[in-house]
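Enquirer: One structure coming up, written as structure tokens, with questions to follow.
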Amino acid sequence: MKFNLNVNDAKHAVDVDPDTPLLWVIRDVIGMTGTKFGCGMALCGACTVHLDGQPIRSCVTPIEAVKEGKLTTIEAMAATPIGARVQRAWTLLEVPQCGYCQSGQIMSATALLRDTPKPTDADIDAAMAGNVCRCGTYVRIRAAIQHAARDTA
Amino acid sequence: MPLRHLRSHPRCHPARGARHGMRGSTMMFDESDSPDAASTAIPLSRRQLLGAASALVIGFQLPGGPRAAQAAGPARGFAPNAYVRIGADGVVTIVVALVEMGQGTYTSIPMLIAEELEVDVQRVRIEHAPPDEKRYGHPLYGLQVTGGSASIPAGWKGLRQAGATAKVMLVTAAAHSWRVPESECRAERGSVTHVPSGRALGYGALATRAAALPVPKDVPLKDPATFRLVGTPAHRLDTPSKVNGTATFGIDVKRPGMKIASIAVCPFIGGKVGKVDSSKAKAVAGVREVLVADNAVAVVADHYGAAKKGLAALEITWDQGPNTSFSSKVWGEQLTEALKGKGLRGFDEGNVETAFASPQRRVDAVYEAPPLAHATMEPLNCTFHVRKDGCDVWLGTQAPARAQGLVAKVLGIAPEKVLVHNHLLGGGFGRKLDADYVETAAKLAKQVTYPLKVVFSREEDMQHDAYRPYFRDELSAALDAQGRLVGFRHRIAGSAVIARYSPAWTKDGLDTDAVHAAELPYDVPNRQVEFVRHEPPAGLMTGNWRGVGPTHNAFVNECFIDELAVLARADPVAYRAQMLGKTPRLLAVLKLAAEKAGWGATPAPGKGRGIALVDSWGCHGALVTDLTVAKDGSVKVDRMVCALDCGLAINPDGVEAQIQGGLVFGLTAALYGTLTIEGGRIVQSNFHDYAPLRINETPQIQLHRIPSTEAPGGVGEIGTALVVPSFLNAIFAATGKRFRTYPVAAEQLKSA
């Protein structure tokens, strides 16, 4: 079945079954691999993208649910003010180790800071607990979110 | 605020934000379309994209195997050894034979070379070494592997030598060209200057002349006190690509005409494929074909979504094999039985028989370490293109030559015909030292002629792991009248991972990893270690899990020592301290951790504090864990205070990151490490039943590093090895309950 997607303000026409998880349309059909596969069950957050600005787990979102929604992926984060601040903080504080989970972490963190510009530790816990990091970069993720919150550049 | 305490180094950049040349840096990954693309200088247009000369100019070229290794880059370039290449255009390439799985080798290893070579590490080009065990075999291991906390310790002298040798030859080349003494020339930041006259030549201009010189041996290395780069918290070269989505992991590889397969390996240990009915699978839109090998099947499709849907529609009857009555319980019973027999003697010092003949007091305890999964964030995957004349493989592996050899075996071709393109790894932790899954996938990929990416789901990854083995330990202590340890015996039953992985590393049949750190790091006059090998059924693979031998042995030893301290009515820190007279570095971290943690204060009700020590991998570490046990038995770890002496820290920021990460990895196992077997198959399958630690459960972590000029140790694993004993000792302090295995269920800790 044919679908038209808006990803990072670009249109993509795809032909897949309606129940195809959005993650695989993004990665395999469109070919954007910044969004990652970790579990397929919305347990790890590696697949996080924004749908109309809200973070969703693309591994359990069927493409038919996207409809006219605007999708944003990690590849477009640098172009947004908050995304750029988050990436700057992530780089300055050397957050990533293997880096595989970090696209999802950054997508969740960016959405958090947009909704809650000065998050508390509890806000960070709630927004970020769905993003797993097996390398254990959580201490620096927390510090980087706080840094980005203070970064008014 | 960032929790770290970096001691300023005389040459260290004083503030994190003030790093030279770091603004606007990006990492470019140069995916070549043809497998034999030799490394080339980065085109000018890309340099312009990257900005001014101070920007980072890095290219990751994925060499295509022997042909690329032989190419010395642009014509008339300079390549005095396997690690350094300088083009006539001035591009400096450093070949890194260790893989990058988050532990920072792609930065720390080039730092070692760049320091001696006198180039700015932010301006070099990094290339991953092709599989070539002769050329790039690990100095300690022989095999071309990354693991064992060994990259830095093994490369400390040799890699610096590689950089220093190249530098000396460039200086000689300059001196010859100016007809001046070498002593009047100085190498700095990629060029050689004749000090008296001020003349200078860049390394590029000197490359051709240097290439004609004989390669000197035993070139002197810098005095570490003069280091300008090593010892500084240099920014990692791979970070920018990991925050903007451009970093390419094995699972991200794209090849023209590629199809994607979802694989299912027989879930029964030692089982095989029985019958396959593919009619429903083939009816799924996007599915191309179904492949079958002896113990695995795969559905090939245009995209993974279709492949996964097709796999779910595939009707498979598994031949359940001979092990359906095997279970965790049976495994434990087998280990108990095995320990009744005699094993191989490991450590044996003093006279343990005499010490135990008539001790004042004898204490015996049995401990068990559970099997554990790796659960790297990036599930297992590999991409193949099998052709008549050879094969290309794209993946992220800790052992490229092993992957190459196994694919060659499956295809029945010479290893040189298998070109391995290594990538960043989305986590390794020892799983990707093995290439069993590459072999399994190759048996399917060889049936097609197009590029095929084989992806393991999280379930397949978790159920076909190379597990940290199940161990059972019998510990015995002979104590004197004051309760001090005068005799120690440690008998271990378990799988011999290294005996399988690399028999050459065993010593007289003894698996050296199984007994690594089993003997205690304390000054105890009579100590003996014995290892009884017992393997689970064939088809259940055991493997290297972060911290390997010490993660298991330090757990049982440090908990047992704590038991003895309690019996002696001694403080656990003091009890250990009086046995550390011969190991001042270990005593120092013990004292520092205790001091920084405020050891000695009486904890509030429900709260406990525990300590553990590890002395391995050239590192000396102590960890104090503070936790709270609620009335319902739930545990919250509040704070972890780690003291570390790792010798000279190549990159102090990387050291801190590895400790933070290693502690979290260990804590996951302590709290949630339940990996069980029932009916001959692994029970757990995803993060709902094999839970990872999450950010809201992460304690405050402090690292206090003792600066040292001793030879650098490897810090990738010590954090993990410290956690379980420190944690269980804290549980005891909080509850008075001693646990000799883990995880501990809330049921067992309930007090309400």
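Please note that chains go A, B, ... in the order of the structure tokens, that every chain numbers its residues from 1, and that ligands are numbered from 1 in the order shown.
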Compute the chain B side of the contact with chain A at 8 Å, counting only C-alpha atoms, and hand it back as a count of residues only.
Expert: 59
Enquirer: Find the residues near range 542-557 of chain B: any atom within 6 Å, counting only C-alpha atoms, skip ones fewer than 6 places away on the same chain, and give them as a PyMOL selection string.
Expert: chain B and resi 429-430+466-469+497+513-514+516-518+717+721+724-725
Enquirer: Would you mind telling me which residue in B:Ala403, B:Ala114, B:Leu372, B:Val192 lies nearest to Pro130 in chain B when using only C-alpha atoms?
Expert: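 Ranking B:Ala403, B:Ala114, B:Leu372, B:Val192 by distance to Pro130 in chain B, first place goes to B:Ala403.
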Enquirer: Determine which residues of chain A receive a DSSP assignment of alpha helix (DSSP H), computed from the backbone, and state them as a ChimeraX atom specification.
Expert: /A:22-24,81-92,102-115,121-128,138-150
Enquirer: How would the residues just chosen look if you wrote them out with N, CA and C atoms as a short mmCIF file (atom, residue, chain, number, x, y, z; two decimals), in the first residue's frame?
Expert:
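Wrote it out as out_32.cif, contents follow:
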data_model
loop_
_atom_site.label_atom_id
_atom_site.label_comp_id
_atom_site.auth_asym_id
_atom_site.auth_seq_id
_atom_site.Cartn_x
_atom_site.Cartn_y
_atom_site.Cartn_z
N LEU A 22 7.16 1.99 11.52
CA LEU A 22 7.77 3.20 10.95
C LEU A 22 9.29 3.11 10.95
N LEU A 23 9.86 2.49 11.99
CA LEU A 23 11.32 2.38 12.10
C LEU A 23 11.93 1.80 10.84
N TRP A 24 11.32 0.76 10.29
CA TRP A 24 11.91 0.08 9.14
C TRP A 24 11.68 0.83 7.85
N PRO A 81 17.11 24.90 17.20
CA PRO A 81 17.88 25.54 18.27
C PRO A 81 18.09 24.63 19.48
N ILE A 82 17.03 23.96 19.92
CA ILE A 82 17.18 23.11 21.10
C ILE A 82 18.02 21.88 20.76
N GLY A 83 17.77 21.30 19.59
CA GLY A 83 18.56 20.14 19.17
C GLY A 83 20.04 20.48 19.11
N ALA A 84 20.35 21.67 18.59
CA ALA A 84 21.75 22.08 18.48
C ALA A 84 22.36 22.25 19.86
N ARG A 85 21.58 22.81 20.80
CA ARG A 85 22.11 22.98 22.17
C ARG A 85 22.36 21.61 22.81
N VAL A 86 21.45 20.71 22.58
CA VAL A 86 21.61 19.36 23.15
C VAL A 86 22.85 18.69 22.56
N GLN A 87 23.01 18.79 21.24
CA GLN A 87 24.18 18.17 20.62
C GLN A 87 25.47 18.82 21.09
N ARG A 88 25.42 20.10 21.31
CA ARG A 88 26.61 20.81 21.79
C ARG A 88 26.96 20.32 23.19
N ALA A 89 25.97 20.17 24.05
CA ALA A 89 26.21 19.70 25.41
C ALA A 89 26.72 18.25 25.38
N TRP A 90 26.12 17.45 24.55
CA TRP A 90 26.53 16.04 24.41
C TRP A 90 28.00 15.95 23.99
N THR A 91 28.42 16.86 23.11
CA THR A 91 29.80 16.84 22.60
C THR A 91 30.77 17.38 23.64
N LEU A 92 30.39 18.47 24.27
CA LEU A 92 31.26 19.09 25.27
C LEU A 92 31.53 18.16 26.44
N GLN A 102 22.41 6.85 21.38
CA GLN A 102 22.42 8.30 21.59
C GLN A 102 21.47 9.06 20.68
N SER A 103 21.18 8.55 19.51
CA SER A 103 20.18 9.24 18.68
C SER A 103 18.86 9.31 19.44
N GLY A 104 18.45 8.17 20.01
CA GLY A 104 17.21 8.12 20.78
C GLY A 104 17.27 8.98 22.02
N GLN A 105 18.42 8.98 22.68
CA GLN A 105 18.58 9.79 23.89
C GLN A 105 18.40 11.27 23.53
N ILE A 106 19.04 11.68 22.45
CA ILE A 106 18.98 13.08 22.05
C ILE A 106 17.57 13.48 21.62
N MET A 107 16.88 12.59 20.95
CA MET A 107 15.49 12.89 20.55
C MET A 107 14.62 13.08 21.79
N SER A 108 14.79 12.20 22.78
CA SER A 108 13.99 12.33 24.00
C SER A 108 14.39 13.57 24.78
N ALA A 109 15.68 13.86 24.85
CA ALA A 109 16.15 15.01 25.61
C ALA A 109 15.68 16.31 24.97
N THR A 110 15.71 16.35 23.66
CA THR A 110 15.29 17.56 22.95
C THR A 110 13.81 17.84 23.20
N ALA A 111 13.01 16.78 23.16
CA ALA A 111 11.57 16.96 23.42
C ALA A 111 11.35 17.41 24.86
N LEU A 112 12.11 16.87 25.79
CA LEU A 112 11.99 17.27 27.20
C LEU A 112 12.28 18.75 27.36
N LEU A 113 13.39 19.20 26.78
CA LEU A 113 13.79 20.60 26.98
C LEU A 113 12.85 21.56 26.27
N ARG A 114 12.22 21.10 25.23
CA ARG A 114 11.26 21.97 24.55
C ARG A 114 10.03 22.15 25.44
N ASP A 115 9.62 21.07 26.09
CA ASP A 115 8.43 21.15 26.95
C ASP A 115 8.76 21.67 28.34
N ASP A 121 15.57 16.90 38.36
CA ASP A 121 16.03 15.51 38.23
C ASP A 121 14.85 14.58 38.01
N ALA A 122 13.74 14.86 38.68
CA ALA A 122 12.55 14.02 38.51
C ALA A 122 11.99 14.14 37.09
N ASP A 123 12.04 15.34 36.54
CA ASP A 123 11.59 15.54 35.15
C ASP A 123 12.48 14.73 34.21
N ILE A 124 13.78 14.77 34.47
CA ILE A 124 14.72 14.04 33.62
C ILE A 124 14.46 12.54 33.73
N ASP A 125 14.28 12.06 34.97
CA ASP A 125 13.97 10.64 35.16
C ASP A 125 12.75 10.23 34.33
N ALA A 126 11.71 11.01 34.45
CA ALA A 126 10.45 10.64 33.79
C ALA A 126 10.60 10.66 32.27
N ALA A 127 11.29 11.65 31.75
CA ALA A 127 11.39 11.78 30.30
C ALA A 127 12.39 10.81 29.69
N MET A 128 13.39 10.43 30.45
CA MET A 128 14.51 9.69 29.88
C MET A 128 14.55 8.22 30.30
N TYR A 138 24.50 7.30 31.67
CA TYR A 138 23.42 8.06 32.31
C TYR A 138 23.90 9.25 33.12
N VAL A 139 25.01 9.12 33.84
CA VAL A 139 25.50 10.25 34.64
C VAL A 139 25.76 11.44 33.72
N ARG A 140 26.38 11.22 32.59
CA ARG A 140 26.70 12.31 31.69
C ARG A 140 25.47 12.79 30.92
N ILE A 141 24.52 11.89 30.65
CA ILE A 141 23.27 12.33 30.00
C ILE A 141 22.57 13.33 30.88
N ARG A 142 22.48 13.01 32.16
CA ARG A 142 21.81 13.92 33.09
C ARG A 142 22.54 15.27 33.13
N ALA A 143 23.87 15.20 33.22
CA ALA A 143 24.65 16.43 33.28
C ALA A 143 24.51 17.24 31.98
N ALA A 144 24.46 16.55 30.87
CA ALA A 144 24.36 17.25 29.58
C ALA A 144 23.00 17.92 29.41
N ILE A 145 21.94 17.28 29.91
CA ILE A 145 20.62 17.90 29.82
C ILE A 145 20.61 19.17 30.66
N GLN A 146 21.20 19.09 31.84
CA GLN A 146 21.25 20.28 32.69
C GLN A 146 22.10 21.36 32.05
N HIS A 147 23.18 20.96 31.41
CA HIS A 147 24.04 21.92 30.74
C HIS A 147 23.29 22.60 29.60
N ALA A 148 22.59 21.80 28.79
CA ALA A 148 21.83 22.36 27.67
C ALA A 148 20.73 23.29 28.17
N ALA A 149 20.15 22.95 29.32
CA ALA A 149 19.10 23.81 29.88
C ALA A 149 19.65 25.18 30.25
N ARG A 150 20.92 25.20 30.67
CA ARG A 150 21.52 26.47 31.10
C ARG A 150 22.14 27.22 29.93
#
Enquirer: Tell me, as a list in words, which residues lie within 12 Å of Ala65 in chain A, counting only C-alpha atoms; anything in the same chain fewer than 4 positions away does not count.
Expert: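 Once the adjacent positions are removed, what remains is Phe3, Asn4, Leu5, Pro18, Asp19, Thr20, Pro21, Leu22, Leu51, Ile56, Ser58, Val60, Thr61, Gly69, Lys70 and Leu71 of chain A.
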Enquirer: Let me see the file: selected residues, C-alpha atoms, as a short mmCIF file (atom, residue, chain, number, x, y, z; two decimals), in the first residue's frame.
Expert:
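Here's the written file part_19.cif:
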data_model
loop_
_atom_site.label_atom_id
_atom_site.label_comp_id
_atom_site.auth_asym_id
_atom_site.auth_seq_id
_atom_site.Cartn_x
_atom_site.Cartn_y
_atom_site.Cartn_z
CA PHE A 3 1.99 6.07 1.79
CA ASN A 4 3.39 9.59 1.69
CA LEU A 5 5.59 10.58 4.58
CA PRO A 18 0.11 -0.65 6.58
CA ASP A 19 1.29 -2.42 9.71
CA THR A 20 4.96 -1.98 8.84
CA PRO A 21 6.71 -0.34 11.79
CA LEU A 22 7.77 3.20 10.95
CA LEU A 51 5.83 12.95 15.34
CA ILE A 56 7.32 8.28 19.74
CA SER A 58 8.95 4.14 15.83
CA VAL A 60 5.85 -0.06 17.44
CA THR A 61 4.25 2.74 15.41
CA GLY A 69 2.04 13.97 10.67
CA LYS A 70 5.42 15.64 10.44
CA LEU A 71 8.24 13.33 11.34
#
Enquirer: Could you pull out the residues in chain A that DSSP calls strand (DSSP E) from the backbone, as a list in words?
Expert: Lys2, Phe3, Asn4, Leu5, Asn6, Val7, Ala10, Lys11, His12, Ala13, Val14, Asp15, Thr48, Val49, His50, Leu51, Gln54, Pro55, Ile56, Arg57, Lys70, Leu71 and Thr72 of chain A
Enquirer: For a quick check of understanding, using only C-alpha atoms, which of A:Gly45, A:Pro117, A:Gly53, A:Pro62 has the smallest distance to Ile26 in chain A?
Expert: A:Pro62
Enquirer: May I ask which of the residues B:Pro139, B:Pro572, B:Gly274, B:Gly716 is the closest one to Trp599 in chain B, counting only C-alpha atoms?
Expert: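 The shortest atom-to-atom distance to Trp599 in chain B comes from B:Pro572.
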Enquirer: Can you pull out the residues contacting Leu291 in chain B? Cut-off 12 Å, using only C-alpha atoms, and skip same-chain residues under 6 positions away; I want them as number ranges by chain.
Expert: B: 260-265, 273, 276-278, 281-282, 297-301, 307, 310-311, 314, 440-448, 452, 454
